[in-house]
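Next comes structure07.pdb, a file with PDB, C-alpha atoms, pLDDT in the B column.
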ATOM      1  CA  MET T   1     -46.881   2.804  21.042  1.00 43.00           C
ATOM      2  CA  PHE T   2     -43.346   3.885  20.059  1.00 40.00           C
ATOM      3  CA  ARG T   3     -42.330   4.353  23.723  1.00 42.00           C
ATOM      4  CA  ARG T   4     -43.596   0.906  24.666  1.00 42.00           C
ATOM      5  CA  ALA T   5     -41.722  -0.705  21.742  1.00 42.00           C
ATOM      6  CA  THR T   6     -38.550   1.189  22.631  1.00 41.00           C
ATOM      7  CA  ALA T   7     -38.850   0.233  26.297  1.00 42.00           C
ATOM      8  CA  THR T   8     -39.249  -3.405  25.279  1.00 41.00           C
ATOM      9  CA  LEU T   9     -36.177  -3.224  23.053  1.00 43.00           C
ATOM     10  CA  LEU T  10     -34.109  -1.657  25.811  1.00 45.00           C
ATOM     11  CA  SER T  11     -35.272  -3.947  28.609  1.00 43.00           C
ATOM     12  CA  GLY T  12     -32.642  -6.065  30.327  1.00 43.00           C
ATOM     13  CA  ALA T  13     -33.838  -9.295  28.695  1.00 43.00           C
ATOM     14  CA  THR T  14     -33.501  -8.059  25.129  1.00 45.00           C
ATOM     15  CA  ARG T  15     -30.861  -5.346  25.505  1.00 44.00           C
ATOM     16  CA  ARG T  16     -27.923  -5.847  23.156  1.00 46.00           C
ATOM     17  CA  ARG T  17     -24.511  -5.301  24.712  1.00 46.00           C
ATOM     18  CA  PHE T  18     -22.176  -2.614  23.428  1.00 45.00           C
ATOM     19  CA  SER T  19     -18.448  -3.214  23.042  1.00 47.00           C
ATOM     20  CA  THR T  20     -17.827  -0.948  26.024  1.00 47.00           C
ATOM     21  CA  ASP T  21     -19.953  -3.291  28.155  1.00 50.00           C
ATOM     22  CA  LEU T  22     -17.261  -5.973  28.006  1.00 49.00           C
ATOM     23  CA  PRO T  23     -16.492  -7.657  31.297  1.00 52.00           C
ATOM     24  CA  ALA T  24     -13.259  -6.766  33.073  1.00 51.00           C
ATOM     25  CA  ALA T  25     -11.888 -10.245  32.337  1.00 53.00           C
ATOM     26  CA  PRO T  26     -12.543 -12.633  29.418  1.00 53.00           C
ATOM     27  CA  THR T  27     -15.525 -14.907  30.007  1.00 61.00           C
ATOM     28  CA  VAL T  28     -16.328 -18.356  28.655  1.00 65.00           C
ATOM     29  CA  ASP T  29     -19.737 -19.195  27.216  1.00 71.00           C
ATOM     30  CA  SER T  30     -20.379 -22.448  29.071  1.00 79.00           C
ATOM     31  CA  SER T  31     -23.394 -23.435  26.941  1.00 83.00           C
ATOM     32  CA  PHE T  32     -21.248 -23.174  23.788  1.00 80.00           C
ATOM     33  CA  VAL T  33     -18.442 -25.227  25.371  1.00 82.00           C
ATOM     34  CA  GLU T  34     -20.918 -27.939  26.460  1.00 87.00           C
ATOM     35  CA  ALA T  35     -22.441 -28.103  22.969  1.00 87.00           C
ATOM     36  CA  TRP T  36     -18.962 -28.238  21.418  1.00 85.00           C
ATOM     37  CA  LYS T  37     -17.872 -31.089  23.690  1.00 87.00           C
ATOM     38  CA  LYS T  38     -20.914 -33.134  22.637  1.00 89.00           C
ATOM     39  CA  VAL T  39     -20.042 -32.771  18.959  1.00 87.00           C
ATOM     40  CA  SER T  40     -16.219 -32.855  19.151  1.00 86.00           C
ATOM     41  CA  PRO T  41     -15.116 -34.275  22.504  1.00 86.00           C
ATOM     42  CA  ASN T  42     -11.454 -34.643  21.467  1.00 89.00           C
ATOM     43  CA  ILE T  43     -10.953 -31.121  20.108  1.00 87.00           C
ATOM     44  CA  ASP T  44     -10.703 -28.007  22.254  1.00 85.00           C
ATOM     45  CA  PRO T  45     -13.371 -25.407  21.469  1.00 83.00           C
ATOM     46  CA  PRO T  46     -12.216 -22.405  19.428  1.00 78.00           C
ATOM     47  CA  LYS T  47     -11.451 -19.167  21.200  1.00 70.00           C
ATOM     48  CA  THR T  48     -13.622 -16.150  20.549  1.00 63.00           C
ATOM     49  CA  PRO T  49     -12.291 -12.619  20.095  1.00 55.00           C
ATOM     50  CA  PHE T  50     -13.195 -11.896  23.734  1.00 59.00           C
ATOM     51  CA  ALA T  51     -10.536 -14.404  24.823  1.00 63.00           C
ATOM     52  CA  PHE T  52      -7.817 -12.298  23.183  1.00 59.00           C
ATOM     53  CA  MET T  53      -8.927  -8.892  24.442  1.00 57.00           C
ATOM     54  CA  LYS T  54      -7.158  -7.182  27.299  1.00 59.00           C
ATOM     55  CA  PRO T  55      -9.397  -5.848  30.052  1.00 63.00           C
ATOM     56  CA  ARG T  56     -10.571  -2.334  29.270  1.00 61.00           C
ATOM     57  CA  PRO T  57      -9.726   0.474  31.653  1.00 63.00           C
ATOM     58  CA  PRO T  58     -12.803   1.392  33.647  1.00 67.00           C
ATOM     59  CA  THR T  59     -15.005   4.231  32.481  1.00 67.00           C
ATOM     60  CA  PRO T  60     -14.246   7.134  34.821  1.00 67.00           C
ATOM     61  CA  SER T  61     -16.975   8.231  37.207  1.00 75.00           C
ATOM     62  CA  THR T  62     -16.243  11.910  36.521  1.00 79.00           C
ATOM     63  CA  LEU T  63     -15.682  13.617  33.200  1.00 80.00           C
ATOM     64  CA  PRO T  64     -11.940  13.708  32.433  1.00 84.00           C
ATOM     65  CA  THR T  65     -10.339  16.976  31.366  1.00 89.00           C
ATOM     66  CA  LYS T  66      -8.229  15.426  28.581  1.00 92.00           C
ATOM     67  CA  LEU T  67      -8.758  12.985  25.717  1.00 93.00           C
ATOM     68  CA  THR T  68      -6.057  10.340  25.253  1.00 91.00           C
ATOM     69  CA  VAL T  69      -5.317   9.847  21.540  1.00 92.00           C
ATOM     70  CA  ASN T  70      -3.478   7.066  19.748  1.00 91.00           C
ATOM     71  CA  PHE T  71      -3.001   7.891  16.047  1.00 93.00           C
ATOM     72  CA  VAL T  72      -1.357   5.116  14.059  1.00 91.00           C
ATOM     73  CA  LEU T  73      -0.522   4.296  10.461  1.00 89.00           C
ATOM     74  CA  PRO T  74       0.475   0.845   9.158  1.00 87.00           C
ATOM     75  CA  TYR T  75       4.145   1.816   9.326  1.00 87.00           C
ATOM     76  CA  THR T  76       4.386   4.273  12.249  1.00 86.00           C
ATOM     77  CA  SER T  77       2.712   5.751  15.300  1.00 87.00           C
ATOM     78  CA  GLU T  78       2.069   9.486  14.943  1.00 90.00           C
ATOM     79  CA  LEU T  79       0.621   9.932  18.443  1.00 89.00           C
ATOM     80  CA  SER T  80       0.858   7.467  21.313  1.00 87.00           C
ATOM     81  CA  ALA T  81      -1.214   8.052  24.457  1.00 87.00           C
ATOM     82  CA  LYS T  82      -1.138  11.813  23.769  1.00 92.00           C
ATOM     83  CA  GLU T  83      -3.406  13.816  26.056  1.00 93.00           C
ATOM     84  CA  VAL T  84      -5.234  16.510  24.084  1.00 96.00           C
ATOM     85  CA  ASP T  85      -8.267  18.743  24.448  1.00 95.00           C
ATOM     86  CA  MET T  86     -10.083  17.600  21.302  1.00 96.00           C
ATOM     87  CA  VAL T  87      -9.712  15.922  17.919  1.00 97.00           C
ATOM     88  CA  ILE T  88     -11.816  16.511  14.828  1.00 96.00           C
ATOM     89  CA  VAL T  89     -11.977  13.544  12.456  1.00 96.00           C
ATOM     90  CA  PRO T  90     -13.215  13.474   8.839  1.00 95.00           C
ATOM     91  CA  ALA T  91     -15.895  10.796   9.245  1.00 95.00           C
ATOM     92  CA  THR T  92     -17.905   9.573   6.273  1.00 93.00           C
ATOM     93  CA  THR T  93     -20.972  11.051   7.979  1.00 93.00           C
ATOM     94  CA  GLY T  94     -19.302  14.472   8.321  1.00 92.00           C
ATOM     95  CA  GLN T  95     -16.748  16.217  10.504  1.00 93.00           C
ATOM     96  CA  MET T  96     -16.886  14.738  14.017  1.00 95.00           C
ATOM     97  CA  GLY T  97     -15.500  16.517  17.061  1.00 95.00           C
ATOM     98  CA  VAL T  98     -14.363  14.268  19.896  1.00 95.00           C
ATOM     99  CA  LEU T  99     -14.017  15.690  23.410  1.00 93.00           C
ATOM    100  CA  PRO T 100     -13.269  13.942  26.708  1.00 93.00           C
ATOM    101  CA  GLY T 101     -16.272  11.860  27.776  1.00 89.00           C
ATOM    102  CA  HIS T 102     -17.479  11.268  24.197  1.00 91.00           C
ATOM    103  CA  VAL T 103     -19.885   8.370  23.807  1.00 89.00           C
ATOM    104  CA  ALA T 104     -18.317   5.130  22.508  1.00 89.00           C
ATOM    105  CA  THR T 105     -18.338   5.285  18.706  1.00 91.00           C
ATOM    106  CA  ILE T 106     -16.763   3.698  15.657  1.00 93.00           C
ATOM    107  CA  ALA T 107     -16.468   6.002  12.645  1.00 95.00           C
ATOM    108  CA  GLU T 108     -15.159   5.302   9.164  1.00 96.00           C
ATOM    109  CA  LEU T 109     -12.815   8.013   7.909  1.00 95.00           C
ATOM    110  CA  LYS T 110     -12.901   9.578   4.453  1.00 91.00           C
ATOM    111  CA  PRO T 111     -10.181  11.640   2.792  1.00 90.00           C
ATOM    112  CA  GLY T 112      -9.936  14.863   4.756  1.00 91.00           C
ATOM    113  CA  VAL T 113      -8.338  16.768   7.610  1.00 93.00           C
ATOM    114  CA  LEU T 114      -7.755  15.307  11.064  1.00 95.00           C
ATOM    115  CA  SER T 115      -7.034  18.105  13.533  1.00 95.00           C
ATOM    116  CA  VAL T 116      -5.573  17.620  16.997  1.00 96.00           C
ATOM    117  CA  HIS T 117      -6.237  20.461  19.466  1.00 96.00           C
ATOM    118  CA  GLU T 118      -3.979  21.094  22.477  1.00 94.00           C
ATOM    119  CA  GLY T 119      -4.815  24.426  24.052  1.00 90.00           C
ATOM    120  CA  ASN T 120      -4.106  27.018  21.340  1.00 92.00           C
ATOM    121  CA  ASP T 121      -1.977  24.606  19.279  1.00 93.00           C
ATOM    122  CA  VAL T 122      -3.685  22.786  16.414  1.00 93.00           C
ATOM    123  CA  THR T 123      -1.881  20.091  14.412  1.00 94.00           C
ATOM    124  CA  LYS T 124      -3.534  19.106  11.147  1.00 94.00           C
ATOM    125  CA  TYR T 125      -3.020  15.940   9.116  1.00 94.00           C
ATOM    126  CA  PHE T 126      -4.502  14.922   5.807  1.00 93.00           C
ATOM    127  CA  VAL T 127      -5.763  11.329   6.099  1.00 93.00           C
ATOM    128  CA  SER T 128      -6.724   9.138   3.160  1.00 89.00           C
ATOM    129  CA  SER T 129      -9.079   6.749   4.966  1.00 90.00           C
ATOM    130  CA  GLY T 130      -9.298   4.573   8.052  1.00 93.00           C
ATOM    131  CA  PHE T 131     -11.305   4.257  11.251  1.00 95.00           C
ATOM    132  CA  ALA T 132     -11.701   6.115  14.534  1.00 95.00           C
ATOM    133  CA  PHE T 133     -12.541   4.086  17.618  1.00 93.00           C
ATOM    134  CA  ILE T 134     -13.757   6.278  20.456  1.00 93.00           C
ATOM    135  CA  HIS T 135     -14.002   4.425  23.757  1.00 89.00           C
ATOM    136  CA  GLY T 136     -16.162   5.313  26.737  1.00 83.00           C
ATOM    137  CA  ASN T 137     -13.073   5.871  28.911  1.00 86.00           C
ATOM    138  CA  SER T 138     -11.995   9.013  26.946  1.00 89.00           C
ATOM    139  CA  VAL T 139      -9.511   7.171  24.740  1.00 90.00           C
ATOM    140  CA  ALA T 140      -9.589   7.589  20.954  1.00 92.00           C
ATOM    141  CA  ASP T 141      -7.748   5.175  18.665  1.00 92.00           C
ATOM    142  CA  ILE T 142      -7.410   6.588  15.148  1.00 93.00           C
ATOM    143  CA  ILE T 143      -6.108   4.224  12.478  1.00 92.00           C
ATOM    144  CA  ALA T 144      -5.391   5.710   9.055  1.00 92.00           C
ATOM    145  CA  VAL T 145      -4.169   4.035   5.880  1.00 91.00           C
ATOM    146  CA  GLU T 146      -2.046   7.072   4.980  1.00 91.00           C
ATOM    147  CA  ALA T 147      -1.553  10.471   6.597  1.00 92.00           C
ATOM    148  CA  VAL T 148       0.684  13.495   6.142  1.00 92.00           C
ATOM    149  CA  PRO T 149       0.925  16.804   8.022  1.00 92.00           C
ATOM    150  CA  ILE T 150      -0.905  19.520   6.060  1.00 91.00           C
ATOM    151  CA  ASP T 151       2.149  21.795   6.015  1.00 89.00           C
ATOM    152  CA  GLN T 152       4.096  19.159   4.029  1.00 90.00           C
ATOM    153  CA  ILE T 153       1.664  19.107   1.081  1.00 88.00           C
ATOM    154  CA  ASP T 154       2.649  20.938  -2.120  1.00 89.00           C
ATOM    155  CA  SER T 155      -0.430  22.774  -3.444  1.00 89.00           C
ATOM    156  CA  ASN T 156       1.016  22.925  -6.993  1.00 91.00           C
ATOM    157  CA  LEU T 157       1.268  19.121  -7.121  1.00 91.00           C
ATOM    158  CA  VAL T 158      -2.283  18.823  -5.792  1.00 89.00           C
ATOM    159  CA  GLN T 159      -3.608  21.110  -8.572  1.00 90.00           C
ATOM    160  CA  LYS T 160      -1.636  19.183 -11.194  1.00 93.00           C
ATOM    161  CA  GLY T 161      -2.921  15.832  -9.879  1.00 90.00           C
ATOM    162  CA  LEU T 162      -6.518  17.090  -9.815  1.00 91.00           C
ATOM    163  CA  GLN T 163      -6.270  18.198 -13.448  1.00 94.00           C
ATOM    164  CA  GLU T 164      -4.716  14.869 -14.507  1.00 93.00           C
ATOM    165  CA  PHE T 165      -7.361  12.749 -12.779  1.00 93.00           C
ATOM    166  CA  THR T 166     -10.204  14.959 -14.045  1.00 93.00           C
ATOM    167  CA  GLN T 167      -8.897  14.462 -17.580  1.00 94.00           C
ATOM    168  CA  LYS T 168      -8.553  10.684 -17.018  1.00 92.00           C
ATOM    169  CA  LEU T 169     -12.129  10.557 -15.718  1.00 91.00           C
ATOM    170  CA  SER T 170     -13.522  12.324 -18.795  1.00 92.00           C
ATOM    171  CA  SER T 171     -11.615  10.004 -21.169  1.00 92.00           C
ATOM    172  CA  ALA T 172     -12.144   6.736 -19.243  1.00 90.00           C
ATOM    173  CA  THR T 173     -13.816   3.978 -21.246  1.00 92.00           C
ATOM    174  CA  THR T 174     -13.980   1.040 -18.820  1.00 93.00           C
ATOM    175  CA  ASP T 175     -15.571   0.828 -15.384  1.00 94.00           C
ATOM    176  CA  LEU T 176     -12.148   0.176 -13.835  1.00 93.00           C
ATOM    177  CA  GLU T 177     -10.630   3.274 -15.452  1.00 92.00           C
ATOM    178  CA  LYS T 178     -13.618   5.355 -14.308  1.00 92.00           C
ATOM    179  CA  ALA T 179     -13.374   4.056 -10.736  1.00 93.00           C
ATOM    180  CA  GLU T 180      -9.614   4.667 -10.516  1.00 92.00           C
ATOM    181  CA  ALA T 181      -9.958   8.165 -11.959  1.00 92.00           C
ATOM    182  CA  GLN T 182     -12.880   8.985  -9.621  1.00 92.00           C
ATOM    183  CA  ILE T 183     -10.819   7.955  -6.585  1.00 89.00           C
ATOM    184  CA  GLY T 184      -8.012  10.246  -7.797  1.00 90.00           C
ATOM    185  CA  VAL T 185     -10.435  13.134  -8.279  1.00 91.00           C
ATOM    186  CA  ASP T 186     -12.008  12.579  -4.827  1.00 89.00           C
ATOM    187  CA  VAL T 187      -8.656  12.449  -2.999  1.00 87.00           C
ATOM    188  CA  HIS T 188      -7.178  15.436  -4.835  1.00 89.00           C
ATOM    189  CA  SER T 189     -10.388  17.442  -4.320  1.00 89.00           C
ATOM    190  CA  ALA T 190     -10.218  16.690  -0.597  1.00 87.00           C
ATOM    191  CA  LEU T 191      -6.528  17.665  -0.562  1.00 87.00           C
ATOM    192  CA  ASN T 192      -7.359  20.916  -2.363  1.00 86.00           C
ATOM    193  CA  SER T 193     -10.147  21.683   0.129  1.00 84.00           C
ATOM    194  CA  ALA T 194      -7.774  20.938   3.036  1.00 83.00           C
ATOM    195  CA  LEU T 195      -5.220  23.413   1.710  1.00 83.00           C
ATOM    196  CA  THR T 196      -7.679  26.193   0.874  1.00 81.00           C
ATOM    197  CA  GLY T 197      -9.994  25.703   3.887  1.00 68.00           C
TER     198      GLY T 197
END
Target encoding structure tokens, full file:
Amino acid sequence: MFRRATATLLSGATRRRFSTDLPAAPTVDSSFVEAWKKVSPNIDPPKTPFAFMKPRPPTPSTLPTKLTVNFVLPYTSELSAKEVDMVIVPATTGQMGVLPGHVATIAELKPGVLSVHEGNDVTKYFVSSGFAFIHGNSVADIIAVEAVPIDQIDSNLVQKGLQEFTQKLSSATTDLEKAEAQIGVDVHSALNSALTG
């Protein structure tokens, strides 16, 4: 029963497209355009996100030996088209290792350590939050709200901040104060774990 239902869901007629299944060039949904013209003949139909997307590089037929990583923050680019062996991202579902040929995935990041592996060299960053977009063509785009190399973090300040936010959490009286203090405790706990782990 389960196999038959799964086969039906995955059949060509009902199969839902993944983002990596995008066509090489933007396409126009002619049925939508026709319907739009009937309702608003004097106004051009709106463009969809597909119209603004650049064609994706093809998925390689053989497994690449390197993963291309783009690691960006709102104000800078830490890594741009850097070829590495592996990255490990702190996803909300747990630590996620990404190797060349990884299946296309979108992962939300939580406060934790992002490590970039190149041979024997490992560069570690503490990230506050963000997203990792892993594409089927062995490209990983990692977007973080804030990040800092682990070796630039002062462990004494982390301990002091953890104590301050723990105290604020225990004395908080409003929901807003509790939420703000809990965020501080979570981030400083993750920082502490990154430094001691």
Matched chain/residue IDs from the PyMOL selection byres ((chain T and resi 103) around 8), as a compact mmCIF listing (two decimals) with C-alpha atoms, in the frame of the given file:
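part24.txt written:
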# COMPACT_ATOMS: atom_id res chain seq x y z
CA GLY T 101 -16.27 11.86 27.78
CA HIS T 102 -17.48 11.27 24.20
CA ALA T 104 -18.32 5.13 22.51
CA THR T 105 -18.34 5.28 18.71
CA ILE T 134 -13.76 6.28 20.46
CA HIS T 135 -14.00 4.42 23.76
CA GLY T 136 -16.16 5.31 26.74
If you count all atoms listed in the file, which residues fall within 12 Å of Ala35 in chain T, apart from same-chain ones fewer than 5 positions away, as a PDB file with C-alpha atoms, keeping the file's coordinate frame?
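What follows is the written file around37.pdb:
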ATOM      1  CA  ASP T  29     -19.737 -19.195  27.216  1.00 71.00           C
ATOM      2  CA  SER T  30     -20.379 -22.448  29.071  1.00 79.00           C
ATOM      3  CA  SER T  40     -16.219 -32.855  19.151  1.00 86.00           C
ATOM      4  CA  PRO T  41     -15.116 -34.275  22.504  1.00 86.00           C
ATOM      5  CA  ASP T  44     -10.703 -28.007  22.254  1.00 85.00           C
ATOM      6  CA  PRO T  45     -13.371 -25.407  21.469  1.00 83.00           C
TER       7      PRO T  45
END
### Task
Please provide the set of residues having any atom within 12 Å of Gly112 in chain T, restricted to all atoms listed in the file, with same-chain residues fewer than 4 positions apart removed, written as a PyMOL selection string.
chain T and resi 88-92+94-96+108+124-130+144+146-150+186-195+197
### Task
Decode the PyMOL selection byres ((chain T and resi 68) around 12) for the given file into explicit residues and return them as JSON, numbers by chain.
{"T": [64, 65, 66, 67, 69, 70, 71, 79, 80, 81, 82, 83, 84, 85, 86, 87, 98, 99, 100, 101, 102, 116, 117, 118, 133, 134, 135, 136, 137, 138, 139, 140, 141, 142]}
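CA of Gly97 in chain T to CA of Ser115 in chain T spans 9.3 Å [interatomic distance, one decimal].
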### Query
Which residues fall under the PyMOL selection byres ((chain T and resi 74) around 10) in this file, as a ChimeraX atom specification?
/T:72-73,75-77,143-146
### Message
Just the number, please: distance in Å from CA of Leu162 in chain T to CA of Lys110 in chain T, one decimal.
### Response
17.3 Å
#### Entry: Separation of CA of Thr166 in chain T from CA of Val185 in chain T, in Å and rounded to one decimal
6.1 Å
Please determine an axis-aligned box that encloses all atoms of range 133-143 of chain T listed in the file, with 6 Å added on each side, and express its centre and edge lengths in Å to one decimal as lines of an AutoDock Vina configuration file.
center_x = -11.1
center_y = 6.5
center_z = 20.7
size_x = 22.1
size_y = 16.9
size_z = 28.4
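Taking only C-alpha atoms into account, Lys47 in chain T lies nearest to T:Phe32 out of the set T:Ser61, T:Glu164, T:Gly119, T:Phe32.
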